[in-house]
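The block underneath contains the structure these notes are about, expressed in structure tokens.
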Amino acid sequence: MSPTASARRRRLGLPRRVFSQVLLMQLAIAAGVAVLATGLFLAPLSHQLDDQAMHRALAIAQTTAQNPEIAKDLQDTPPTVDGPVQKEAERIRKATDAEYIVVMDWRGVRWSHTDPQQVGQVVSTDPTPALAGREVMQIDSGTLGRSARGKVPLRDAHGEIIGAVSVGIAYDSVRARLISAIPGLLAYAGGALAVGALAAWLISRRVQRQTRDLAFSDIAALLAEREAMLHGIREGVVALDRTGRIRLLNDEARRLLGIGDEAVGRSLDEALGEGRTTDVLAGRVTGTDLLTVRGQRVLVANRMPTDDGGAVATLRDRTELEQLGRELDSTRGLIDALRAQDHEHANRMHTLLGLLELEMYDDAVEFVGEVVGDHRATAEQVAEKIQDPLLAALLVGKATVAAERGVALWVADRTRLPDRLVDPRGLVTVVGNLVDNALDAVAGTPHARVEVELRAEGRTALLRVRDTGPGIPAEQRELIFTEGWSTKKPPAHGKRGIGLSLVCRLAERQGGSVTVGEAQGGGAEFTVVLPEALAEPDLDPAPTAAAVKTAAEEEAR
């Protein structure tokens with residue numbers, strides 16, 4: 001709104017608050033309805049009163065004409081002031097409170113009238129319709145002024161028309177009835193207006209509380225700011241009503257949760273399905289910065305209730321942060337392994353230097369061959385059983401790290417996996433998480449050992465990871481796949497409890513499953529089944545063994 005328009009608005013005294021504007025509009029509507037209703041009632045009232053007066057006059061005329069004495073006296077006596085027709089007509093007029101009753105013969109000569117001087121005179125209005133046998137109702141003017149009239153034919157004993165009877169009801173009495181009805185009608189209209197004003201005030205007060213006494217312009221500005229903020233921030237926002245149904249989603253929430261506009265108006269269970277994400281957003285899991293996994297994304301959720309019984313939940317994507325944290329853990333482990341290797345390498349160099357100084361050249365050559373051959377044999381063994389370069393390189397690198405931590409990492413003899421994986425990176429994530437957990441479980445224990453078995457059964461990939469650690473108690477085997485569950489101390493960069501949940505989600509996404517049980521001889525055994533994880537042999541031929549061996553050696557180095 002321009003400054004000129006705003007100033008004009010203030011000069012006119014127009015209110016800016018929603019409460020005041022709504023109240024004024026409702027009062028104007030109530031007053032308009034009251035005036036309109038009063039006018040619509042008064043408009044037909046005058047016609048109805050006229051009609052009632054004419055019917056009343058006609059009824060009196062019909063009753064008078066039915067009196068056989070009047071018809072007989074009309075034929076037997078002259079029109080005089082003190083004649084029997086005049087007397088009977090006046091009696092009926094006074095009894096019915098009519099203005100006049102005129103009895104006339106077939107020539108239109110009056111035999112009765114309220115004014116005695118008019119007796120014997122010809123009537124001032126046309127009597128032809130009544131003398132012709134028709135009944136007439138009309139509003140007309142005569143010698144006594146304007147009146148509501150009723151005229152009927154007068155018949156003798158044989159049914160012959162010998163004259164007519166005209167009865168008039170004073171029009172002033174009809175108008176008086178109309179005027180007398182107006183005060184009562186206005187009283188009713190005023191009462192209705194007062195009730196409407198009270199209802200308008202109550203409704204406006206409620207609107208005032210709900211809008212926090214803001215102006216319409218302020219509400220419009222807040223709405224525009226809210227839309228800009230919701231769709232501009234890099235956090236997902238989900239608003240819920242008091243019944244738990246979604247009423248608002250911003251763009252980031254749609255992206256993180258993988259849902260669209262069709263989810264608005266539906267419950268969380270319908271829109272997201274069962275799972276921890278639904279439980280966190282619905283408030284069934286309480287806390288701050290709660291971790292949850294949606295698809296391949298790691299999310300941090302917070303939920304805040306609102307005054308109307310609903311809630312607003314925020315979502316942050318920490319998938320990349322979690323990956324960086326895992327890479328940091330891996331880098332720290334690798335640094336520790338390199339530090340240990342550096343120490344062991346120094347010992348080996350000292351040993352080699354001593355053999356050379358003692359001129360034991362043959363022993364020195366044999367010592368160097370043994371050191372190099374052990375690592376090469378491990379790489380060749382893994383590459384021979386696992387033909388996928390990524391998995392082979394992963395296990396060779398894990399074997400080196402395990403050795404430095406005092407853990408023996410073995411690839412089971414039954415392991416056979418061709419290079420036909422549909423999603424090798426997904427399987428690398430599954431194997432890496434399970435092996436890392438197994439190494440953490442057995443580190444520092446005597447005779448620590450981790451065994452990995454990977455087999456292909458048709459197009460199904462079967463993975464087993466066994467360790468000699470303390471194992472998983474039976475009552476906790478269903479909980480370990482829940483986001484945030486962990487027995488290890490959280491690292492400095494974030495929280496734990498994501499790895500096994502991510503493994504479970506990756507397996508379920510491919511239609512597979514993850515189970516945990518007790519390994520033979522103690523410890524834990526994780527089994528992962530991934531149906532259709534391998535392509536058909538003719539669609540993706542395996543690379544040469546030399547390529548696999550080279551990739552594994554490079555990853556190990």
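Lettering and numbering for the structure tokens are positional, with chains as A, B, ... in the shown order, residues counted from 1 in each chain, and ligands counted from 1 in the shown order.
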Among segment 235-461 of chain A, which residues does DSSP mark as strand (DSSP E) when it is run on the backbone? Keep the chain and numbering as in the structure and answer as number ranges by chain.
A: 236-240, 246-249, 290-294, 297-305, 311-317, 408-411, 449-457, 460-461
Near segment 153-164 of chain A, counting only C-alpha atoms, which residues have an atom at most 12 Å away, once you skip same-chain residues fewer than 3 positions from it, shown as a count of residues only?
43
Contacts of segment 529-538 of chain A within 12 Å, only C-alpha atoms, excl. fewer than 3 positions in-chain, as a PyMOL selection string
chain A and resi 388+417-427+430+453-464+503-516+526+541-543
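With distances restricted to only C-alpha atoms, A:Phe481 is the closest residue to Gly275 of chain A from A:Gln117, A:Gln48, A:Tyr188, A:Phe481.
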Report the residues of segment 82-128 of chain A whose backbone DSSP state falls under alpha helix (DSSP H), written as number ranges by chain.
A: 84-96, 128
